[in-house]
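Student: If it helps, the file is called model_13.cif and holds mmCIF, C-alpha atoms and all ligand atoms:
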data_target
loop_
_atom_site.label_atom_id
_atom_site.label_comp_id
_atom_site.auth_asym_id
_atom_site.auth_seq_id
_atom_site.Cartn_x
_atom_site.Cartn_y
_atom_site.Cartn_z
CA MET A 27 -19.93 3.33 -4.08
CA SER A 28 -19.36 6.65 -2.37
CA VAL A 29 -16.94 8.03 0.16
CA GLN A 30 -18.43 11.49 -0.32
CA GLY A 31 -16.88 14.03 2.03
CA LYS A 32 -14.76 11.46 3.91
CA THR A 33 -11.14 12.38 4.57
CA VAL A 34 -8.95 9.70 2.98
CA ILE A 35 -5.23 9.59 3.78
CA VAL A 36 -3.16 7.40 1.46
CA THR A 37 0.49 6.95 2.44
CA GLY A 38 3.01 6.66 -0.40
CA SER A 39 0.60 7.95 -3.00
CA ASN A 40 2.53 10.02 -5.52
CA SER A 41 2.95 6.90 -7.69
CA GLY A 42 1.82 3.33 -8.31
CA ILE A 43 -0.89 1.60 -6.27
CA GLY A 44 -1.23 4.44 -3.74
CA LEU A 45 -1.90 6.96 -6.50
CA GLY A 46 -4.32 4.56 -8.21
CA ILE A 47 -6.30 4.05 -5.01
CA ALA A 48 -6.22 7.79 -4.26
CA ARG A 49 -7.68 8.48 -7.71
CA GLU A 50 -10.52 5.98 -7.16
CA MET A 51 -11.24 7.60 -3.76
CA ALA A 52 -11.26 11.11 -5.28
CA GLY A 53 -13.53 9.85 -8.07
CA ALA A 54 -15.95 8.63 -5.39
CA GLY A 55 -16.01 12.05 -3.71
CA GLY A 56 -13.40 11.54 -1.01
CA HIS A 57 -11.30 14.41 0.31
CA VAL A 58 -7.89 12.95 -0.41
CA VAL A 59 -4.53 13.51 1.25
CA LEU A 60 -1.64 12.41 -0.95
CA ASN A 61 1.72 11.68 0.65
CA SER A 62 5.33 10.77 0.05
CA PHE A 63 8.73 11.66 1.49
CA SER A 64 9.49 14.21 -1.26
CA ASP A 65 8.22 17.79 -1.36
CA THR A 66 8.48 18.88 -4.98
CA GLU A 67 6.40 21.17 -7.17
CA ASP A 68 5.28 18.05 -9.06
CA ASP A 69 3.90 16.54 -5.84
CA HIS A 70 1.74 19.59 -5.13
CA GLN A 71 0.77 19.95 -8.81
CA LEU A 72 -0.41 16.32 -8.78
CA ALA A 73 -2.82 17.20 -5.95
CA LYS A 74 -4.04 20.32 -7.78
CA ASP A 75 -4.59 18.38 -11.01
CA MET A 76 -6.52 15.65 -9.21
CA ALA A 77 -8.67 18.22 -7.40
CA ALA A 78 -9.55 19.83 -10.74
CA GLU A 79 -10.16 16.48 -12.46
CA PHE A 80 -12.49 15.10 -9.79
CA GLY A 81 -13.94 18.32 -8.34
CA THR A 82 -12.98 17.37 -4.81
CA ASP A 83 -10.51 18.42 -2.15
CA VAL A 84 -7.02 16.96 -2.71
CA ARG A 85 -3.94 17.95 -0.70
CA TYR A 86 -0.35 16.76 -0.69
CA ILE A 87 1.43 16.43 2.67
CA LYS A 88 5.11 15.50 2.83
CA ALA A 89 6.02 12.95 5.51
CA ASP A 90 8.74 10.31 5.57
CA MET A 91 7.13 6.99 6.50
CA SER A 92 10.48 5.66 7.74
CA LYS A 93 10.20 8.06 10.70
CA GLY A 94 7.60 7.38 13.37
CA GLU A 95 7.12 11.01 14.37
CA GLU A 96 6.52 12.05 10.72
CA CYS A 97 3.93 9.27 10.31
CA ARG A 98 2.01 10.63 13.28
CA ALA A 99 2.51 14.25 12.11
CA LEU A 100 0.94 13.37 8.73
CA ILE A 101 -2.30 12.36 10.44
CA GLU A 102 -2.26 15.37 12.79
CA GLN A 103 -1.59 17.77 9.92
CA ALA A 104 -4.44 16.28 7.86
CA GLY A 105 -6.73 17.25 10.79
CA ALA A 106 -9.15 14.36 10.19
CA CYS A 107 -8.90 10.76 9.05
CA ASP A 108 -11.98 8.71 8.19
CA ILE A 109 -10.20 6.30 5.87
CA LEU A 110 -6.54 5.41 6.37
CA ILE A 111 -4.81 3.55 3.57
CA ASN A 112 -1.39 2.35 4.64
CA ASN A 113 0.32 1.80 1.32
CA ALA A 114 3.90 3.19 1.39
CA GLY A 115 6.37 0.44 0.67
CA ILE A 116 9.79 -0.38 -0.73
CA GLN A 117 11.49 -3.58 -1.81
CA HIS A 118 15.01 -5.01 -1.74
CA VAL A 119 16.03 -8.43 -2.99
CA ALA A 120 19.11 -10.31 -1.68
CA PRO A 121 19.96 -13.66 -0.08
CA LEU A 122 19.52 -13.55 3.70
CA GLN A 123 23.22 -13.76 4.52
CA ASP A 124 23.98 -10.79 2.23
CA PHE A 125 20.91 -8.72 3.14
CA SER A 126 22.13 -5.33 4.38
CA THR A 127 21.01 -4.30 7.86
CA ALA A 128 20.22 -0.79 6.58
CA LYS A 129 17.83 -2.23 3.95
CA TRP A 130 16.23 -4.54 6.54
CA ASP A 131 15.65 -1.61 8.92
CA ALA A 132 14.26 0.63 6.15
CA ILE A 133 11.82 -2.01 4.89
CA ILE A 134 10.56 -2.84 8.39
CA ALA A 135 10.19 0.88 9.16
CA ILE A 136 8.40 1.88 5.94
CA ASN A 137 6.41 -1.29 5.16
CA LEU A 138 5.39 -2.17 8.74
CA SER A 139 6.15 0.28 11.56
CA SER A 140 4.71 3.27 9.67
CA SER A 141 1.28 1.60 9.78
CA PHE A 142 1.53 1.19 13.54
CA HIS A 143 2.22 4.91 13.92
CA THR A 144 -0.42 6.17 11.45
CA THR A 145 -3.08 3.80 12.83
CA ALA A 146 -2.34 4.82 16.43
CA ALA A 147 -2.70 8.49 15.45
CA ALA A 148 -5.82 7.96 13.30
CA LEU A 149 -7.95 5.79 15.62
CA PRO A 150 -8.84 8.64 18.03
CA MET A 151 -10.03 10.70 15.03
CA MET A 152 -12.14 7.80 13.72
CA ARG A 153 -13.60 7.26 17.21
CA LYS A 154 -14.47 10.95 17.46
CA ALA A 155 -16.12 10.87 14.02
CA GLY A 156 -17.97 7.64 14.88
CA TRP A 157 -16.83 5.81 11.74
CA GLY A 158 -13.56 4.63 10.26
CA ARG A 159 -11.79 2.32 7.86
CA VAL A 160 -8.19 1.13 8.10
CA ILE A 161 -6.99 -0.51 4.89
CA ASN A 162 -3.49 -1.94 4.87
CA ILE A 163 -1.89 -2.73 1.54
CA ALA A 164 -0.11 -5.98 2.32
CA SER A 165 0.80 -8.41 -0.49
CA ALA A 166 0.56 -12.03 -1.57
CA HIS A 167 3.87 -11.97 0.30
CA GLY A 168 1.86 -11.32 3.49
CA LEU A 169 0.47 -14.85 3.09
CA THR A 170 3.24 -16.74 1.27
CA ALA A 171 7.01 -16.35 0.88
CA SER A 172 9.64 -16.11 -1.86
CA PRO A 173 13.39 -16.45 -1.50
CA TYR A 174 15.56 -13.30 -1.28
CA LYS A 175 12.73 -11.11 0.08
CA SER A 176 13.28 -11.68 3.81
CA ALA A 177 12.51 -8.16 5.04
CA TYR A 178 9.60 -7.64 2.65
CA VAL A 179 7.95 -10.97 3.50
CA ALA A 180 8.50 -10.42 7.24
CA ALA A 181 7.03 -6.89 7.05
CA LYS A 182 4.03 -8.02 4.98
CA HIS A 183 3.26 -10.94 7.33
CA GLY A 184 3.62 -8.39 10.14
CA ILE A 185 1.09 -6.04 8.60
CA VAL A 186 -1.43 -8.88 8.33
CA GLY A 187 -0.97 -9.44 12.09
CA LEU A 188 -1.31 -5.73 12.85
CA THR A 189 -4.52 -5.68 10.78
CA LYS A 190 -6.02 -8.44 12.93
CA VAL A 191 -5.11 -6.69 16.19
CA THR A 192 -6.55 -3.38 14.91
CA ALA A 193 -9.77 -5.19 13.97
CA LEU A 194 -10.09 -6.83 17.39
CA GLU A 195 -9.47 -3.58 19.25
CA THR A 196 -12.20 -1.83 17.19
CA ALA A 197 -14.58 -4.80 16.78
CA GLN A 198 -17.44 -3.23 18.74
CA GLU A 199 -17.14 0.15 17.07
CA PRO A 200 -18.15 1.27 13.54
CA ILE A 201 -14.52 0.92 12.49
CA THR A 202 -13.04 -1.91 10.41
CA ALA A 203 -9.47 -2.90 9.58
CA ASN A 204 -8.54 -5.14 6.67
CA ALA A 205 -5.57 -5.93 4.48
CA ILE A 206 -5.60 -6.10 0.70
CA CYS A 207 -3.07 -8.61 -0.63
CA PRO A 208 -2.20 -7.84 -4.24
CA GLY A 209 -0.29 -10.20 -6.47
CA TYR A 210 1.91 -8.52 -9.05
CA VAL A 211 0.82 -5.08 -10.25
CA LEU A 212 2.98 -3.37 -12.87
CA THR A 213 4.10 -0.27 -10.95
CA PRO A 214 7.53 1.44 -10.62
CA LEU A 215 8.32 -0.87 -7.64
CA ILE A 216 8.00 -3.92 -9.90
CA ASP A 217 9.45 -2.29 -13.00
CA GLU A 218 12.68 -1.54 -11.09
CA GLN A 219 13.15 -5.26 -10.34
CA ILE A 220 12.97 -6.30 -14.00
CA PRO A 221 16.50 -5.29 -15.16
CA ASP A 222 18.22 -7.23 -12.31
CA THR A 223 16.02 -10.25 -12.93
CA MET A 224 16.80 -10.06 -16.67
CA LYS A 225 20.51 -10.21 -15.81
CA GLU A 226 20.11 -12.94 -13.19
CA TYR A 227 18.17 -15.28 -15.50
CA ASN A 228 19.64 -14.01 -18.78
CA MET A 229 16.14 -13.44 -20.12
CA SER A 230 14.33 -10.81 -22.17
CA ARG A 231 11.96 -8.37 -20.42
CA GLU A 232 8.98 -10.18 -21.91
CA ASP A 233 10.20 -13.57 -20.63
CA VAL A 234 10.92 -12.16 -17.16
CA ILE A 235 7.34 -10.83 -16.96
CA LYS A 236 5.75 -14.06 -18.20
CA ASN A 237 8.02 -16.72 -16.72
CA VAL A 238 9.37 -15.11 -13.54
CA LEU A 239 7.07 -12.35 -12.27
CA LEU A 240 3.79 -13.94 -13.33
CA GLU A 241 5.01 -17.49 -12.82
CA ARG A 242 3.02 -17.78 -9.58
CA GLN A 243 0.06 -15.72 -10.81
CA PRO A 244 -2.17 -18.33 -12.50
CA SER A 245 -4.22 -15.70 -14.38
CA LYS A 246 -0.93 -14.68 -16.12
CA GLU A 247 -2.13 -11.11 -15.90
CA PHE A 248 -1.07 -8.24 -13.66
CA ALA A 249 -3.65 -6.92 -11.21
CA THR A 250 -4.37 -3.23 -11.87
CA VAL A 251 -4.37 -0.19 -9.60
CA GLU A 252 -8.01 0.43 -10.57
CA GLN A 253 -8.97 -3.06 -9.32
CA LEU A 254 -7.21 -2.34 -6.03
CA GLY A 255 -8.98 1.02 -5.78
CA GLY A 256 -12.31 -0.75 -6.35
CA THR A 257 -11.50 -3.27 -3.62
CA ALA A 258 -10.66 -0.42 -1.21
CA LEU A 259 -13.96 1.29 -2.09
CA TYR A 260 -15.84 -1.94 -1.37
CA LEU A 261 -14.20 -2.08 2.08
CA CYS A 262 -15.52 1.44 2.70
CA SER A 263 -19.09 0.50 1.72
CA ASP A 264 -21.95 -0.50 4.05
CA ALA A 265 -21.83 -3.98 2.50
CA ALA A 266 -18.42 -4.45 4.14
CA ALA A 267 -19.40 -3.21 7.62
CA GLN A 268 -18.92 -6.71 9.09
CA VAL A 269 -15.79 -7.46 7.06
CA THR A 270 -12.97 -6.88 9.51
CA GLY A 271 -9.65 -8.43 10.50
CA THR A 272 -9.31 -10.27 7.22
CA THR A 273 -7.24 -10.31 4.05
CA ILE A 274 -8.61 -9.88 0.53
CA SER A 275 -6.37 -11.32 -2.16
CA VAL A 276 -6.29 -9.62 -5.56
CA ASP A 277 -3.69 -11.94 -7.01
CA GLY A 278 -5.06 -13.80 -10.03
CA GLY A 279 -5.15 -17.04 -8.01
CA TRP A 280 -1.58 -16.95 -6.60
CA THR A 281 -2.56 -17.94 -3.05
CA ALA A 282 -4.84 -20.72 -4.32
CA LEU A 283 -1.79 -22.62 -5.55
P1 LIG B 1 5.74 2.33 -5.96
O1 LIG B 1 7.23 2.30 -5.82
O2 LIG B 1 5.13 2.68 -7.27
O3 LIG B 1 5.09 3.27 -4.89
C1 LIG B 1 5.54 3.30 -3.56
C2 LIG B 1 5.08 4.60 -2.96
O4 LIG B 1 5.60 4.67 -1.63
C3 LIG B 1 5.60 5.81 -3.72
O5 LIG B 1 4.60 6.81 -3.75
C4 LIG B 1 6.78 6.25 -2.88
O6 LIG B 1 7.04 7.63 -3.02
C5 LIG B 1 6.26 5.91 -1.50
N1 LIG B 1 7.33 5.81 -0.50
C6 LIG B 1 8.47 5.07 -0.54
N2 LIG B 1 9.21 5.32 0.55
C7 LIG B 1 8.51 6.21 1.31
C8 LIG B 1 8.75 6.87 2.54
N3 LIG B 1 9.87 6.68 3.22
N4 LIG B 1 7.82 7.73 2.99
C9 LIG B 1 6.69 7.98 2.29
N5 LIG B 1 6.41 7.39 1.12
C10 LIG B 1 7.31 6.53 0.63
O7 LIG B 1 5.26 0.89 -5.46
P2 LIG B 1 3.84 0.15 -5.55
O8 LIG B 1 4.06 -1.07 -6.35
O9 LIG B 1 2.77 1.10 -5.91
O10 LIG B 1 3.69 -0.32 -4.05
C11 LIG B 1 2.75 0.23 -3.16
C12 LIG B 1 2.43 -0.77 -2.07
O11 LIG B 1 1.85 -1.93 -2.65
C13 LIG B 1 3.67 -1.25 -1.30
O12 LIG B 1 3.35 -1.39 0.07
C14 LIG B 1 3.95 -2.60 -1.93
O13 LIG B 1 4.61 -3.45 -1.05
C15 LIG B 1 2.54 -3.07 -2.21
N6 LIG B 1 2.46 -4.13 -3.22
C16 LIG B 1 2.86 -3.91 -4.50
C17 LIG B 1 2.75 -4.93 -5.42
C18 LIG B 1 3.13 -4.76 -6.86
O14 LIG B 1 3.15 -5.76 -7.61
N7 LIG B 1 3.42 -3.56 -7.33
C19 LIG B 1 2.26 -6.18 -5.03
C20 LIG B 1 1.88 -6.37 -3.72
C21 LIG B 1 1.98 -5.33 -2.82
#
Using structure tokens, write down the structure from this file.
Ligand code: NAD
Tutor:
Amino acid sequence: MSVQGKTVIVTGSNSGIGLGIAREMAGAGGHVVLNSFSDTEDDHQLAKDMAAEFGTDVRYIKADMSKGEECRALIEQAGACDILINNAGIQHVAPLQDFSTAKWDAIIAINLSSSFHTTAAALPMMRKAGWGRVINIASAHGLTASPYKSAYVAAKHGIVGLTKVTALETAQEPITANAICPGYVLTPLIDEQIPDTMKEYNMSREDVIKNVLLERQPSKEFATVEQLGGTALYLCSDAAAQVTGTTISVDGGWTAL
């Protein structure tokens, strides 16, 4: 599958799933824009290294996805956007009554509102180009819930709704909008949750992975960033031209339970 010469913007892509998807897109000939809220030498070096590895155009643009104006500025600064992958996300785990308002606001801003802003800024570019793909990285938590993840689950259900609206508003144009719903993928976001869970359940790391994290993932295996990149590439293919407004689960059977 090819996205040769298409401009691909991946939010939150200096690590984890975003980086994995960006690498698959670069490997398929996409001109990739990497993003995060930091602006370090490592961030720009990452783009240079990817450009050299894949022989394609890769840039890094700093923009904080918790700020609406920076979300829109990212798209404007990129200058074009054929494929928008809304991936930036954070997590915080606490019972509802103890959930801090600051954490709630940050999760809703980064995991949900950022996609509203980037999509609003990108659609005119896709319309001008006569082709576009919006791919929102939701979660199994966009379709089901878990305790202690109120903001995350609310934001991920929200992004599934935003995906449907985007699809309906573009239904008669060569633009599609879909959400990918991963189960657990071993990235820094998940790795950071392991020590607290080890303490909470008094378990070893291995037991937390097998009995807590993968408890609801019937395959008992993590999904990989390469599999998510492949799913995103499929959504960019001609075969997926009529796939719009839907969710694709990559969750080892979680949502079949
Ligand atoms: P990660 O922590 O490895 O990566 C998150 C990325 O978002 C990083 O590049 C980080 O720099 C960026 N980011 C965070 N705050 C930002 C901000 N304010 N502005 C710009 N960028 C910001 O996490 P991940 O596991 O790769 O998660 C990526 C996406 O996938 C998230 O939306 C997450 O909810 C979703 N997801 C992850 C899993 C999983 O198991 N890892 C499962 C389902 C869904």
Student: Residues of chain A that approach ligand LIG 1 (chain B) to 8 Å or less, counting all atoms listed in the file: could you list each one with the shortest pair of atoms and its distance in Å to one decimal, rows by chain and increasing residue number, as a tab-separated table?
Tutor:
residue	atom	partner	partner_atom	distance
A:Thr37	CA	B:LIG1	N5	6.1
A:Gly38	CA	B:LIG1	O4	3.5
A:Ser39	CA	B:LIG1	O5	4.2
A:Asn40	CA	B:LIG1	O5	4.2
A:Ser41	CA	B:LIG1	O5	4.3
A:Gly42	CA	B:LIG1	O9	3.4
A:Ile43	CA	B:LIG1	O9	3.7
A:Gly44	CA	B:LIG1	O9	5.6
A:Leu45	CA	B:LIG1	O5	7.1
A:Asn61	CA	B:LIG1	N5	6.4
A:Ser62	CA	B:LIG1	N5	3.7
A:Phe63	CA	B:LIG1	C9	4.3
A:Ser64	CA	B:LIG1	O6	7.2
A:Lys88	CA	B:LIG1	C9	7.7
A:Ala89	CA	B:LIG1	C9	6.0
A:Asp90	CA	B:LIG1	N4	3.8
A:Met91	CA	B:LIG1	N4	3.7
A:Ser92	CA	B:LIG1	N3	4.7
A:Lys93	CA	B:LIG1	N3	7.6
A:Asn112	CA	B:LIG1	O12	7.6
A:Asn113	CA	B:LIG1	O12	4.6
A:Ala114	CA	B:LIG1	O4	3.8
A:Gly115	CA	B:LIG1	O12	3.6
A:Ile116	CA	B:LIG1	C6	5.6
A:Gln117	CA	B:LIG1	O13	6.9
A:Ile136	CA	B:LIG1	N3	5.7
A:Asn137	CA	B:LIG1	O12	5.9
A:Ile163	CA	B:LIG1	O12	5.6
A:Ala164	CA	B:LIG1	C21	5.6
A:Ser165	CA	B:LIG1	C20	4.0
A:Ala166	CA	B:LIG1	C20	6.2
A:His167	CA	B:LIG1	C20	7.2
A:Tyr178	CA	B:LIG1	O13	7.5
A:Lys182	CA	B:LIG1	O13	7.6
A:Cys207	CA	B:LIG1	C20	6.3
A:Pro208	CA	B:LIG1	C20	4.4
A:Gly209	CA	B:LIG1	C19	5.0
A:Tyr210	CA	B:LIG1	O14	3.4
A:Val211	CA	B:LIG1	O14	3.6
A:Leu212	CA	B:LIG1	N7	5.6
A:Thr213	CA	B:LIG1	O8	4.7
A:Pro214	CA	B:LIG1	O2	4.3
A:Leu215	CA	B:LIG1	O1	3.8
A:Ile216	CA	B:LIG1	N7	5.3
A:Phe248	CA	B:LIG1	O14	7.8
A:Ala249	CA	B:LIG1	O14	7.8
Student: Where's the centre, and what are the edge lengths in Å to one decimal, of a box along x, y and z enclosing all listed atoms of range 149-154 of chain A padded 6 Å per side, as JSON?
Tutor:
{"center_x": -11.2, "center_y": 8.4, "center_z": 15.9, "size_x": 18.5, "size_y": 17.2, "size_z": 16.3}
Student: Give me, as a JSON list (two decimals) with C-alpha atoms, in the coordinates of the input, all polymer residues having an atom no more than 8 Å from range 142-150 of chain A, counting all atoms listed in the file and skipping those fewer than 2 positions away in the same chain.
Tutor:
[["chain", "number", "residue", "atom", "x", "y", "z"],
["A", 94, "GLY", "CA", 7.60, 7.38, 13.37],
["A", 95, "GLU", "CA", 7.12, 11.01, 14.37],
["A", 97, "CYS", "CA", 3.93, 9.27, 10.31],
["A", 98, "ARG", "CA", 2.01, 10.63, 13.28],
["A", 100, "LEU", "CA", 0.94, 13.37, 8.73],
["A", 101, "ILE", "CA", -2.30, 12.36, 10.44],
["A", 102, "GLU", "CA", -2.26, 15.37, 12.79],
["A", 106, "ALA", "CA", -9.15, 14.36, 10.19],
["A", 107, "CYS", "CA", -8.90, 10.76, 9.05],
["A", 110, "LEU", "CA", -6.54, 5.41, 6.37],
["A", 112, "ASN", "CA", -1.39, 2.35, 4.64],
["A", 138, "LEU", "CA", 5.39, -2.17, 8.74],
["A", 139, "SER", "CA", 6.15, 0.28, 11.56],
["A", 140, "SER", "CA", 4.71, 3.27, 9.67],
["A", 152, "MET", "CA", -12.14, 7.80, 13.72],
["A", 153, "ARG", "CA", -13.60, 7.26, 17.21],
["A", 154, "LYS", "CA", -14.47, 10.95, 17.46],
["A", 158, "GLY", "CA", -13.56, 4.63, 10.26],
["A", 160, "VAL", "CA", -8.19, 1.13, 8.10],
["A", 188, "LEU", "CA", -1.31, -5.73, 12.85]]
Student: How close does range 161-280 of chain A get to range 54-59 of chain A? List, as JSON lines, each residue of range 161-280 of chain A within 12 Å, its nearest atom pair and the distance in Å to one decimal, counting all atoms listed in the file.
Tutor:
{"residue": "A:Gly255", "atom": "CA", "partner": "A:Ala54", "partner_atom": "CA", "distance": 10.3}
{"residue": "A:Gly256", "atom": "CA", "partner": "A:Ala54", "partner_atom": "CA", "distance": 10.1}
{"residue": "A:Ala258", "atom": "CA", "partner": "A:Ala54", "partner_atom": "CA", "distance": 11.3}
{"residue": "A:Leu259", "atom": "CA", "partner": "A:Ala54", "partner_atom": "CA", "distance": 8.3}
{"residue": "A:Tyr260", "atom": "CA", "partner": "A:Ala54", "partner_atom": "CA", "distance": 11.3}
{"residue": "A:Cys262", "atom": "CA", "partner": "A:Ala54", "partner_atom": "CA", "distance": 10.8}
{"residue": "A:Ser263", "atom": "CA", "partner": "A:Ala54", "partner_atom": "CA", "distance": 11.2}
Student: Within 9 Å of Pro121 in chain A, counting all atoms listed in the file, which residues show up once you throw out same-chain ones fewer than 4 positions away? Write them as a PyMOL selection string, please.
Tutor: chain A and resi 125+173-176
Student: Restricting the calculation to all atoms listed in the file, which member of A:Ala48, A:Arg242, A:Lys32, A:Pro200 is positioned closest to Leu254 in chain A?
Tutor: A:Ala48
Student: Using only C-alpha atoms, find all polymer residues with an atom at most 6 Å away from the point (-9.0, -3.8, 13.5); report them as a list of chain:residue names.
Tutor: A:Thr189, A:Lys190, A:Val191, A:Thr192, A:Ala193, A:Leu194, A:Glu195, A:Thr196, A:Thr202, A:Ala203, A:Gly271
Student: Go through A:Ala177, A:Ile134, A:Ala77, A:Met151 one by one, measure the shortest atom-to-atom distance of each to Ile109 in chain A using only C-alpha atoms, and give the residue with the smallest value.
Tutor: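 Nearest to Ile109 in chain A: A:Met151.
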Student: So the first atom is CA of Gln253 in chain A and the second is CA of Gln219 in chain A; what is the distance between them in Å, to one decimal place?
Tutor: 22.3 Å
Student: From the options A:Ile35, A:Ile201, A:Val84, A:Ala104, which residue's atoms come nearest to Asp264 in chain A, counting all atoms listed in the file?
Tutor: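 Among the listed residues, A:Ile201 lies closest to Asp264 in chain A.
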Student: Under the rule that only C-alpha atoms are counted, which of A:Asn162, A:Gln198, A:Gly279, A:Val234 is the nearest residue to His183 in chain A?
Tutor: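 Among A:Asn162, A:Gln198, A:Gly279, A:Val234, it is A:Asn162 that comes nearest to His183 in chain A.
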Student: One decimal, Å: what's the distance from CA of Asp233 in chain A over to CA of Leu169 in chain A, could you say?
Tutor: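 Separation between CA of Asp233 in chain A and CA of Leu169 in chain A: 25.7 Å.
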Student: Between CA of Tyr86 in chain A and CA of Ala73 in chain A, what is the spacing in Å?
Tutor: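 Rounded to one decimal, the two atoms are 5.8 Å apart.
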Student: Would you kindly place N, CA and C atoms on range 155-167 of chain A and return the model as a CSV table (one decimal), in the frame of the given file?
Tutor:
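Dumped everything to result.csv:
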chain,number,residue,atom,x,y,z
A,155,ALA,N,-15.2,10.7,15.2
A,155,ALA,CA,-16.1,10.9,14.0
A,155,ALA,C,-17.2,9.8,14.0
A,156,GLY,N,-17.0,8.7,14.8
A,156,GLY,CA,-18.0,7.6,14.9
A,156,GLY,C,-18.0,6.7,13.7
A,157,TRP,N,-16.9,6.7,12.9
A,157,TRP,CA,-16.8,5.8,11.7
A,157,TRP,C,-15.4,5.8,11.3
A,158,GLY,N,-14.9,4.6,10.8
A,158,GLY,CA,-13.6,4.6,10.3
A,158,GLY,C,-13.2,3.4,9.5
A,159,ARG,N,-12.3,3.5,8.6
A,159,ARG,CA,-11.8,2.3,7.9
A,159,ARG,C,-10.3,2.4,7.8
A,160,VAL,N,-9.6,1.3,8.2
A,160,VAL,CA,-8.2,1.1,8.1
A,160,VAL,C,-8.0,0.1,7.0
A,161,ILE,N,-7.3,0.4,6.0
A,161,ILE,CA,-7.0,-0.5,4.9
A,161,ILE,C,-5.5,-0.6,4.7
A,162,ASN,N,-4.9,-1.8,5.0
A,162,ASN,CA,-3.5,-1.9,4.9
A,162,ASN,C,-3.2,-2.6,3.6
A,163,ILE,N,-2.3,-2.1,2.8
A,163,ILE,CA,-1.9,-2.7,1.5
A,163,ILE,C,-0.7,-3.7,1.9
A,164,ALA,N,-1.1,-4.9,2.0
A,164,ALA,CA,-0.1,-6.0,2.3
A,164,ALA,C,0.4,-6.5,1.0
A,165,SER,N,0.3,-7.8,0.7
A,165,SER,CA,0.8,-8.4,-0.5
A,165,SER,C,0.5,-9.9,-0.4
A,166,ALA,N,0.6,-10.6,-1.6
A,166,ALA,CA,0.6,-12.0,-1.6
A,166,ALA,C,1.7,-12.5,-0.7
A,167,HIS,N,2.7,-11.7,-0.6
A,167,HIS,CA,3.9,-12.0,0.3
A,167,HIS,C,3.5,-11.7,1.8
